[in-house]
$ cat entry_5.cif   # mmCIF, C-alpha atoms
data_final
#
loop_
_atom_site.group_PDB
_atom_site.id
_atom_site.type_symbol
_atom_site.label_atom_id
_atom_site.label_comp_id
_atom_site.auth_asym_id
_atom_site.auth_seq_id
_atom_site.Cartn_x
_atom_site.Cartn_y
_atom_site.Cartn_z
ATOM 1 C CA MET A 61 93.204 59.085 95.211
ATOM 2 C CA GLY A 62 94.622 57.142 92.282
ATOM 3 C CA TYR A 63 92.370 55.195 89.935
ATOM 4 C CA TYR A 64 93.461 51.710 88.939
ATOM 5 C CA PRO A 65 90.347 49.974 87.606
ATOM 6 C CA HIS A 66 92.070 46.608 87.167
ATOM 7 C CA MET A 67 92.986 46.536 90.873
ATOM 8 C CA GLY A 68 89.527 47.213 92.235
ATOM 9 C CA CYS A 69 88.505 49.865 94.714
ATOM 10 C CA PRO A 70 91.397 51.991 96.040
ATOM 11 C CA ASN A 71 89.520 52.307 99.324
ATOM 12 C CA MET A 72 89.471 48.561 100.074
ATOM 13 C CA ALA A 73 92.123 48.696 102.791
ATOM 14 C CA ALA A 74 90.404 51.504 104.679
ATOM 15 C CA CYS A 75 86.778 50.498 104.107
ATOM 16 C CA SER A 76 85.115 49.156 107.244
ATOM 17 C CA LEU A 77 82.593 47.112 105.263
ATOM 18 C CA PHE A 78 84.995 45.410 102.839
ATOM 19 C CA PRO A 79 86.292 42.945 105.469
ATOM 20 C CA VAL A 80 82.702 42.320 106.547
ATOM 21 C CA PHE A 81 81.864 41.374 102.956
ATOM 22 C CA SER A 82 84.783 38.919 103.080
ATOM 23 C CA SER A 83 83.481 37.198 106.177
ATOM 24 C CA ALA A 84 80.842 34.958 104.613
ATOM 25 C CA PRO A 85 80.401 33.423 101.130
ATOM 26 C CA PHE A 86 76.942 34.899 100.593
ATOM 27 C CA LEU A 87 78.358 38.409 100.991
ATOM 28 C CA LYS A 88 80.844 37.974 98.150
ATOM 29 C CA ILE A 89 78.178 39.273 95.762
ATOM 30 C CA TRP A 90 78.655 42.772 97.222
ATOM 31 C CA GLN A 91 82.358 42.690 96.421
ATOM 32 C CA ILE A 92 81.712 41.416 92.905
ATOM 33 C CA ASN A 93 79.167 44.139 92.213
ATOM 34 C CA TYR A 94 80.757 47.075 94.001
ATOM 35 C CA CYS A 95 84.425 46.501 94.924
ATOM 36 C CA GLU A 96 86.128 44.599 92.126
ATOM 37 C CA SER A 97 87.394 45.750 88.721
ATOM 38 C CA ASP A 98 85.997 49.177 87.813
ATOM 39 C CA ARG A 99 82.643 48.742 89.554
ATOM 40 C CA TYR A 100 83.712 50.639 92.659
ATOM 41 C CA SER A 101 82.941 53.885 90.841
ATOM 42 C CA ARG A 102 79.241 53.369 91.639
ATOM 43 C CA CYS A 103 79.813 52.570 95.312
ATOM 44 C CA ALA A 104 78.261 55.128 97.641
ATOM 45 C CA ARG A 105 81.060 54.619 100.164
ATOM 46 C CA PHE A 106 83.757 55.275 97.584
ATOM 47 C CA ALA A 107 81.861 58.342 96.359
ATOM 48 C CA GLY A 108 81.725 59.640 99.925
ATOM 49 C CA VAL A 109 85.454 59.147 100.408
ATOM 50 C CA CYS A 110 86.215 60.915 97.132
ATOM 51 C CA SER A 111 84.021 63.876 98.024
ATOM 52 C CA GLY A 112 85.542 64.126 101.482
ATOM 53 C CA SER A 113 82.200 63.683 103.182
ATOM 54 C CA HIS A 114 81.433 61.589 106.256
ATOM 55 C CA VAL A 115 81.026 57.903 105.369
ATOM 56 C CA PRO A 116 78.986 56.122 108.073
ATOM 57 C CA SER A 117 80.234 52.643 108.938
ATOM 58 C CA THR A 118 76.770 51.221 108.265
ATOM 59 C CA LEU A 119 76.396 52.793 104.808
ATOM 60 C CA LEU A 120 76.034 50.113 102.144
ATOM 61 C CA PRO A 121 77.539 50.480 98.660
ATOM 62 C CA ASN A 122 74.030 50.992 97.252
ATOM 63 C CA GLY A 123 73.524 54.108 99.378
ATOM 64 C CA LYS A 124 71.220 52.488 101.931
ATOM 65 C CA HIS A 125 72.070 51.722 105.549
ATOM 66 C CA LEU A 126 72.361 48.320 107.150
ATOM 67 C CA PRO A 127 68.932 47.631 108.667
ATOM 68 C CA VAL A 128 68.546 46.895 112.331
ATOM 69 C CA ILE A 129 66.550 43.696 112.743
ATOM 70 C CA ASN A 130 65.068 43.650 116.201
ATOM 71 C CA ASN A 131 64.525 39.890 116.413
ATOM 72 C CA PRO A 132 67.088 38.037 114.308
ATOM 73 C CA PRO A 133 66.019 34.464 113.502
ATOM 74 C CA PRO A 134 67.644 31.728 115.564
ATOM 75 C CA GLU A 135 70.557 29.873 114.020
ATOM 76 C CA SER A 136 68.524 26.749 113.330
ATOM 77 C CA GLN A 137 66.080 28.600 111.073
ATOM 78 C CA LYS A 138 68.633 30.070 108.665
ATOM 79 C CA MET B 272 112.430 42.798 136.273
ATOM 80 C CA SER B 273 112.457 46.538 136.891
ATOM 81 C CA GLU B 274 113.702 47.130 133.349
ATOM 82 C CA TRP B 275 110.590 45.430 132.013
ATOM 83 C CA LEU B 276 108.487 47.948 133.909
ATOM 84 C CA THR B 277 110.360 50.952 132.523
ATOM 85 C CA ASN B 278 112.088 50.381 129.192
ATOM 86 C CA TRP B 279 111.306 47.301 127.177
ATOM 87 C CA PRO B 280 114.029 45.898 124.953
ATOM 88 C CA TRP B 281 113.461 46.894 121.338
ATOM 89 C CA TRP B 282 112.738 43.335 120.277
ATOM 90 C CA ALA B 283 110.102 42.846 122.976
ATOM 91 C CA GLY B 284 108.302 45.992 121.933
ATOM 92 C CA SER B 285 108.446 44.923 118.294
ATOM 93 C CA ILE B 286 106.982 41.519 119.061
ATOM 94 C CA GLY B 287 104.272 43.124 121.175
ATOM 95 C CA PHE B 288 103.309 45.607 118.463
ATOM 96 C CA ALA B 289 103.313 42.907 115.788
ATOM 97 C CA ALA B 290 101.148 40.621 117.913
ATOM 98 C CA ILE B 291 98.632 43.381 118.554
ATOM 99 C CA VAL B 292 98.260 44.762 115.022
ATOM 100 C CA LEU B 293 98.361 41.408 113.250
ATOM 101 C CA GLY B 294 96.165 39.763 115.866
ATOM 102 C CA TYR B 295 93.640 42.568 115.536
ATOM 103 C CA TRP B 296 93.720 42.225 111.755
ATOM 104 C CA LYS B 297 93.223 38.471 111.985
ATOM 105 C CA LEU B 298 90.401 38.697 114.524
ATOM 106 C CA MET B 299 88.579 41.799 113.352
ATOM 107 C CA GLY B 300 89.422 41.868 109.660
ATOM 108 C CA SER B 301 90.290 45.567 109.721
ATOM 109 C CA PRO B 302 93.429 47.606 110.444
ATOM 110 C CA LEU B 303 94.090 49.043 113.881
ATOM 111 C CA GLY B 304 94.883 52.744 114.049
ATOM 112 C CA ALA B 305 94.643 55.456 116.672
ATOM 113 C CA SER B 306 93.588 58.220 114.293
ATOM 114 C CA SER B 307 90.908 56.087 112.645
ATOM 115 C CA SER B 308 89.494 55.225 116.075
ATOM 116 C CA TYR B 309 89.500 58.906 116.957
ATOM 117 C CA ALA B 310 87.698 59.689 113.710
ATOM 118 C CA ARG B 311 85.082 57.042 114.450
ATOM 119 C CA VAL B 312 84.409 58.523 117.887
ATOM 120 C CA MET B 313 84.127 62.028 116.417
ATOM 121 C CA ASP B 314 81.801 60.725 113.701
ATOM 122 C CA ALA B 315 79.616 59.152 116.394
ATOM 123 C CA ALA B 316 79.399 62.466 118.210
ATOM 124 C CA ARG B 317 77.979 64.230 115.171
ATOM 125 C CA ASP B 318 76.019 61.332 113.661
ATOM 126 C CA THR B 319 74.085 59.873 116.564
ATOM 127 C CA GLU B 320 71.763 57.883 114.300
ATOM 128 C CA THR B 321 74.651 55.867 112.860
ATOM 129 C CA ALA B 322 76.191 55.583 116.325
ATOM 130 C CA ALA B 323 73.027 53.948 117.662
ATOM 131 C CA ARG B 324 72.903 51.678 114.610
ATOM 132 C CA GLU B 325 76.512 50.628 115.205
ATOM 133 C CA VAL B 326 75.756 49.679 118.787
ATOM 134 C CA ALA B 327 72.698 47.673 117.690
ATOM 135 C CA LEU B 328 74.785 45.822 115.086
ATOM 136 C CA ALA B 329 77.706 45.116 117.416
ATOM 137 C CA ASP B 330 76.137 41.755 118.177
ATOM 138 C CA PRO B 331 77.386 39.294 115.496
ATOM 139 C CA LYS B 332 73.960 37.674 115.168
ATOM 140 C CA ALA B 333 72.280 41.035 114.659
ATOM 141 C CA LEU B 334 74.917 41.975 112.084
ATOM 142 C CA GLU B 335 74.477 38.737 110.180
ATOM 143 C CA ALA B 336 70.688 39.114 110.149
ATOM 144 C CA SER B 337 71.087 42.673 108.908
ATOM 145 C CA LEU B 338 73.526 41.611 106.185
ATOM 146 C CA ARG B 339 71.227 38.835 105.054
ATOM 147 C CA ALA B 340 68.273 41.217 104.833
ATOM 148 C CA ALA B 341 70.281 43.858 102.974
ATOM 149 C CA THR B 342 71.717 41.299 100.552
ATOM 150 C CA GLU B 343 68.296 39.822 99.854
ATOM 151 C CA ALA B 344 66.833 43.280 99.271
ATOM 152 C CA GLU B 345 69.620 44.223 96.862
ATOM 153 C CA PHE B 346 70.205 41.006 94.936
ATOM 154 C CA GLY B 347 67.130 38.895 95.571
ATOM 155 C CA GLY B 348 66.401 35.906 97.797
ATOM 156 C CA GLU B 349 68.399 33.481 95.654
ATOM 157 C CA ALA B 350 71.580 35.365 96.576
ATOM 158 C CA VAL B 351 71.156 34.472 100.224
ATOM 159 C CA PRO B 352 71.187 30.774 101.116
ATOM 160 C CA GLY B 353 68.510 29.955 103.620
ATOM 161 C CA ALA B 354 66.514 33.116 102.992
ATOM 162 C CA ASP B 355 63.391 31.306 101.827
ATOM 163 C CA ALA B 356 63.516 28.052 103.698
ATOM 164 C CA PRO B 357 65.321 26.603 106.678
ATOM 165 C CA SER B 358 68.610 25.009 105.701
ATOM 166 C CA SER B 359 71.983 24.232 107.128
ATOM 167 C CA GLY B 360 72.986 27.779 106.223
ATOM 168 C CA GLU B 361 76.477 29.114 105.761
ATOM 169 C CA PRO B 362 79.026 29.699 108.456
ATOM 170 C CA ALA B 363 78.486 32.944 110.245
ATOM 171 C CA GLY B 364 80.825 35.765 109.339
ATOM 172 C CA THR B 365 83.893 36.349 111.421
ATOM 173 C CA ALA B 366 84.176 40.076 110.742
ATOM 174 C CA ARG B 367 82.727 42.531 113.199
ATOM 175 C CA LEU B 368 81.401 46.015 112.814
ATOM 176 C CA LEU B 369 82.941 47.638 115.858
ATOM 177 C CA PRO B 370 80.736 50.281 117.462
ATOM 178 C CA TRP B 371 82.122 53.675 118.372
ATOM 179 C CA THR B 372 82.178 52.643 122.028
ATOM 180 C CA ALA B 373 84.846 50.030 121.254
ATOM 181 C CA HIS B 374 86.998 52.692 119.574
ATOM 182 C CA LEU B 375 86.509 55.009 122.534
ATOM 183 C CA THR B 376 87.596 52.195 124.861
ATOM 184 C CA PHE B 377 90.744 51.733 122.782
ATOM 185 C CA LEU B 378 91.577 55.451 122.946
ATOM 186 C CA VAL B 379 90.970 55.600 126.702
ATOM 187 C CA ALA B 380 93.145 52.512 127.163
ATOM 188 C CA LEU B 381 95.961 54.224 125.246
ATOM 189 C CA VAL B 382 95.892 57.127 127.693
ATOM 190 C CA VAL B 383 95.550 54.903 130.739
ATOM 191 C CA GLY B 384 98.392 52.672 129.545
ATOM 192 C CA GLY B 385 100.643 55.662 129.012
ATOM 193 C CA PHE B 386 99.698 56.983 132.429
ATOM 194 C CA ILE B 387 100.557 53.685 134.121
ATOM 195 C CA ALA B 388 103.850 53.410 132.231
ATOM 196 C CA THR B 389 104.767 56.955 133.282
ATOM 197 C CA ILE B 390 104.034 56.208 136.923
ATOM 198 C CA LEU B 391 106.146 53.057 136.790
ATOM 199 C CA ARG B 392 108.975 54.839 135.040
ATOM 200 C CA HIS B 393 109.088 58.021 137.065
ATOM 201 C CA GLY B 394 108.031 56.727 140.427
ATOM 202 C CA GLY B 395 104.754 58.579 140.634
ATOM 203 C CA HIS B 396 105.884 61.918 139.137
ATOM 204 C CA VAL B 397 103.466 62.178 136.258
ATOM 205 C CA ALA B 398 102.898 65.842 135.549
ATOM 206 C CA THR B 399 105.884 67.376 133.806
ATOM 207 C CA ALA B 400 106.404 69.892 131.045
ATOM 208 C CA ASP B 401 110.007 68.879 130.571
ATOM 209 C CA LEU B 402 110.548 67.463 127.111
ATOM 210 C CA GLY B 403 114.253 67.040 127.599
ATOM 211 C CA PRO B 404 117.350 69.157 127.130
ATOM 212 C CA LYS B 405 117.409 68.794 123.342
ATOM 213 C CA PHE B 406 113.935 70.231 122.934
ATOM 214 C CA ALA B 407 114.665 73.028 125.384
ATOM 215 C CA GLY B 408 117.897 73.778 123.558
ATOM 216 C CA PHE B 409 116.128 74.216 120.242
ATOM 217 C CA PHE B 410 112.846 75.789 121.243
ATOM 218 C CA GLY B 411 113.332 77.099 124.766
ATOM 219 C CA HIS B 412 110.620 77.066 127.405
ATOM 220 C CA GLY B 413 107.236 78.674 127.986
ATOM 221 C CA VAL B 414 105.038 80.235 125.328
ATOM 222 C CA GLY B 415 107.480 79.751 122.468
ATOM 223 C CA ALA B 416 107.842 76.039 123.124
ATOM 224 C CA ALA B 417 104.080 75.682 123.535
ATOM 225 C CA ALA B 418 103.519 77.463 120.200
ATOM 226 C CA VAL B 419 105.930 75.079 118.496
ATOM 227 C CA LEU B 420 104.085 72.069 119.930
ATOM 228 C CA LEU B 421 100.727 73.561 118.935
ATOM 229 C CA GLY B 422 101.891 74.130 115.372
ATOM 230 C CA ALA B 423 103.494 70.700 115.150
ATOM 231 C CA GLY B 424 100.376 69.002 116.490
ATOM 232 C CA THR B 425 98.174 70.847 114.015
ATOM 233 C CA LEU B 426 100.371 69.836 111.094
ATOM 234 C CA ILE B 427 100.469 66.217 112.262
ATOM 235 C CA GLY B 428 96.685 66.165 112.624
ATOM 236 C CA MET B 429 96.151 67.624 109.162
ATOM 237 C CA GLY B 430 98.707 65.282 107.613
ATOM 238 C CA THR B 431 97.144 62.290 109.316
ATOM 239 C CA ARG B 432 93.715 62.983 107.896
ATOM 240 C CA MET B 433 95.018 63.922 104.461
ATOM 241 C CA GLY B 434 97.240 60.829 104.370
ATOM 242 C CA GLY B 435 94.492 58.495 105.531
ATOM 243 C CA GLY B 436 96.276 57.341 108.674
ATOM 244 C CA CYS B 437 98.886 57.988 111.338
ATOM 245 C CA SER B 438 102.056 56.344 112.535
ATOM 246 C CA SER B 439 100.091 53.482 114.069
ATOM 247 C CA GLY B 440 97.679 52.982 111.178
ATOM 248 C CA HIS B 441 100.241 53.270 108.376
ATOM 249 C CA GLY B 442 103.473 52.569 110.252
ATOM 250 C CA LEU B 443 102.328 49.564 112.273
ATOM 251 C CA SER B 444 99.166 48.127 110.755
ATOM 252 C CA GLY B 445 99.775 49.083 107.127
ATOM 253 C CA CYS B 446 103.453 48.144 106.939
ATOM 254 C CA ALA B 447 102.826 44.886 108.780
ATOM 255 C CA ARG B 448 100.400 43.965 105.990
ATOM 256 C CA PHE B 449 102.688 45.269 103.219
ATOM 257 C CA GLN B 450 100.154 47.843 102.074
ATOM 258 C CA PRO B 451 101.872 49.854 99.308
ATOM 259 C CA GLY B 452 100.345 53.158 100.375
ATOM 260 C CA SER B 453 101.413 52.608 103.974
ATOM 261 C CA LEU B 454 104.960 51.643 102.962
ATOM 262 C CA VAL B 455 105.296 54.829 100.915
ATOM 263 C CA GLY B 456 103.591 56.986 103.549
ATOM 264 C CA THR B 457 105.703 55.627 106.408
ATOM 265 C CA ALA B 458 108.899 56.011 104.408
ATOM 266 C CA ALA B 459 107.890 59.603 103.675
ATOM 267 C CA PHE B 460 107.046 60.757 107.188
ATOM 268 C CA PHE B 461 109.713 58.805 109.047
ATOM 269 C CA GLY B 462 112.291 59.653 106.382
ATOM 270 C CA THR B 463 111.407 63.326 106.713
ATOM 271 C CA ALA B 464 111.696 63.070 110.491
ATOM 272 C CA VAL B 465 115.148 61.529 110.232
ATOM 273 C CA VAL B 466 116.364 64.200 107.789
ATOM 274 C CA VAL B 467 114.968 67.062 109.905
ATOM 275 C CA SER B 468 116.525 65.577 113.054
ATOM 276 C CA LEU B 469 119.896 65.309 111.372
ATOM 277 C CA LEU B 470 119.638 68.894 110.091
ATOM 278 C CA LEU B 471 118.719 70.156 113.564
ATOM 279 C CA GLU B 472 121.660 68.280 115.035
ATOM 280 C CA ARG B 473 123.974 69.709 112.412
ATOM 281 C CA PHE B 474 122.814 73.316 112.206
ATOM 282 C CA GLY B 475 120.698 73.793 115.303
#
$ encode --input "entry_5.cif" --output "structure tokens"
Amino acid sequence: MGYYPHMGCPNMAACSLFPVFSSAPFLKIWQINYCESDRYSRCARFAGVCSGSHVPSTLLPNGKHLPVINNPPPESQK
Amino acid sequence: MSEWLTNWPWWAGSIGFAAIVLGYWKLMGSPLGASSSYARVMDAARDTETAAREVALADPKALEASLRAATEAEFGGEAVPGADAPSSGEPAGTARLLPWTAHLTFLVALVVGGFIATILRHGGHVATADLGPKFAGFFGHGVGAAAVLLGAGTLIGMGTRMGGGCSSGHGLSGCARFQPGSLVGTAAFFGTAVVVSLLLERFG
């Protein structure tokens, strides 16, 4: 996989979470901190792709998994 | 009408493919590809914990709540509007995290669709090992032909994983979105196929 720090993460097009992070303004902070410029080098998903290991779809860039919230708050309380 | 049940005109097929891959991209925010769906199903088979998590997060509201919690835990409450107090909030995300069951449905539909098309085209004669006179002329019948198909399938499978996608993922979804890697990859594998076909025609 080629490394072009100025273009951001080379795995953007294939990453299942990148489009999720584009879906709401408050998620942009993930892209800024893990996908753009040369910061993708610390992303756990990118590291998994580079090592050829299984990258779960729910794995966050920080190495943790998306939590399952059993009772999400109703829309009016957000 | 019967032609539309057997062989679509090239332009109709092109419009159909474009509508599907671009519509999927617009709606789901991710590329559509047969091999990536297959990989997701295989991943689910060996990683049941993630598979269960995917199913739980298939609901958009559950996914948004999960994303809010994860974002707050990573960057603090101020990064997530509405985390501390009720507010108007931000518009819910449009992207979805498709569970493995959705990918399995897609793969099953591919097979079922091909099955239906074969029935319509061949009037109910589905099971056939005949790959046409050209194939038989080059590779014969029986074990030899089966070995050729086995070897070809293995190489295609390896190339698909090593190249990060197949003819649908790179050739349809990637090229439709002008992805540089997909343009190069598609040019490489279709170009190679054209050259090999021409060589077989010439020297075979």
$ residues_near_point --input "entry_5.cif" --point "(72.6, 55.7, 103.0)" --cutoff "12 Å" --atoms "all atoms listed in the file" --output "PyMOL selection string"
(chain A and resi 103-105+107-108+114-127) or (chain B and resi 320-321)
$ closest_atom_pairs --input "entry_5.cif" --of "chain A" --to "chain B" --cutoff "7 Å" --atoms "all atoms listed in the file" --output "CSV"
residue,atom,partner,partner_atom,distance
A:Ser76,CA,B:Ser301,CA,6.8
A:Pro79,CA,B:Gly300,CA,5.3
A:Val80,CA,B:Ala366,CA,5.0
A:Ser83,CA,B:Gly364,CA,4.4
A:Ala84,CA,B:Gly364,CA,4.8
A:Phe86,CA,B:Val351,CA,5.8
A:Pro116,CA,B:Thr321,CA,6.5
A:Thr118,CA,B:Thr321,CA,6.9
A:Leu126,CA,B:Ser337,CA,6.0
A:Pro127,CA,B:Ser337,CA,5.4
A:Val128,CA,B:Ser337,CA,6.0
A:Ile129,CA,B:Ser337,CA,6.0
A:Pro132,CA,B:Ala336,CA,5.6
A:Gln137,CA,B:Pro357,CA,4.9
A:Lys138,CA,B:Gly353,CA,5.0
$ atom_distance --input "entry_5.cif" --atom1 "atom CA of Ser444 of chain B" --atom2 "atom CA of Gly304 of chain B"
7.1 Å
$ atom_distance --input "entry_5.cif" --atom1 "atom CA of Val292 of chain B" --atom2 "atom CA of Ser439 of chain B"
9.0 Å
$ atom_distance --input "entry_5.cif" --atom1 "atom CA of Ile286 of chain B" --atom2 "atom CA of Phe377 of chain B"
19.5 Å
$ closest_residue --input "entry_5.cif" --among "A:Cys69, A:Leu87, A:Asn130, A:Ser82" --to "Val109 of chain A" --atoms "only C-alpha atoms"
A:Cys69
$ axis_aligned_box --input "entry_5.cif" --around "segment 435-451 of chain B" --padding-each-side "3 Å" --output "AutoDock Vina command-line options"
--center_x 99.0 --center_y 51.2 --center_z 106.7 --size_x 15.0 --size_y 20.5 --size_z 20.8
$ closest_residue --input "entry_5.cif" --among "B:Gly347, B:Phe288, B:Lys405, B:Ala447" --to "Ile89 of chain A" --atoms "only C-alpha atoms"
B:Gly347
$ residues_around --input "entry_5.cif" --residues "segment 457-464 of chain B" --least-positions-apart "2" --cutoff "10 Å" --atoms "only C-alpha atoms" --output "JSON list (two decimals) with C-alpha atoms, in the coordinates of the input"
[["chain", "number", "residue", "atom", "x", "y", "z"],
["B", 427, "ILE", "CA", 100.47, 66.22, 112.26],
["B", 430, "GLY", "CA", 98.71, 65.28, 107.61],
["B", 436, "GLY", "CA", 96.28, 57.34, 108.67],
["B", 437, "CYS", "CA", 98.89, 57.99, 111.34],
["B", 438, "SER", "CA", 102.06, 56.34, 112.54],
["B", 439, "SER", "CA", 100.09, 53.48, 114.07],
["B", 440, "GLY", "CA", 97.68, 52.98, 111.18],
["B", 441, "HIS", "CA", 100.24, 53.27, 108.38],
["B", 442, "GLY", "CA", 103.47, 52.57, 110.25],
["B", 443, "LEU", "CA", 102.33, 49.56, 112.27],
["B", 445, "GLY", "CA", 99.78, 49.08, 107.13],
["B", 446, "CYS", "CA", 103.45, 48.14, 106.94],
["B", 451, "PRO", "CA", 101.87, 49.85, 99.31],
["B", 452, "GLY", "CA", 100.34, 53.16, 100.38],
["B", 453, "SER", "CA", 101.41, 52.61, 103.97],
["B", 454, "LEU", "CA", 104.96, 51.64, 102.96],
["B", 455, "VAL", "CA", 105.30, 54.83, 100.92],
["B", 466, "VAL", "CA", 116.36, 64.20, 107.79],
["B", 467, "VAL", "CA", 114.97, 67.06, 109.90],
["B", 468, "SER", "CA", 116.52, 65.58, 113.05],
["B", 469, "LEU", "CA", 119.90, 65.31, 111.37],
["B", 470, "LEU", "CA", 119.64, 68.89, 110.09]]
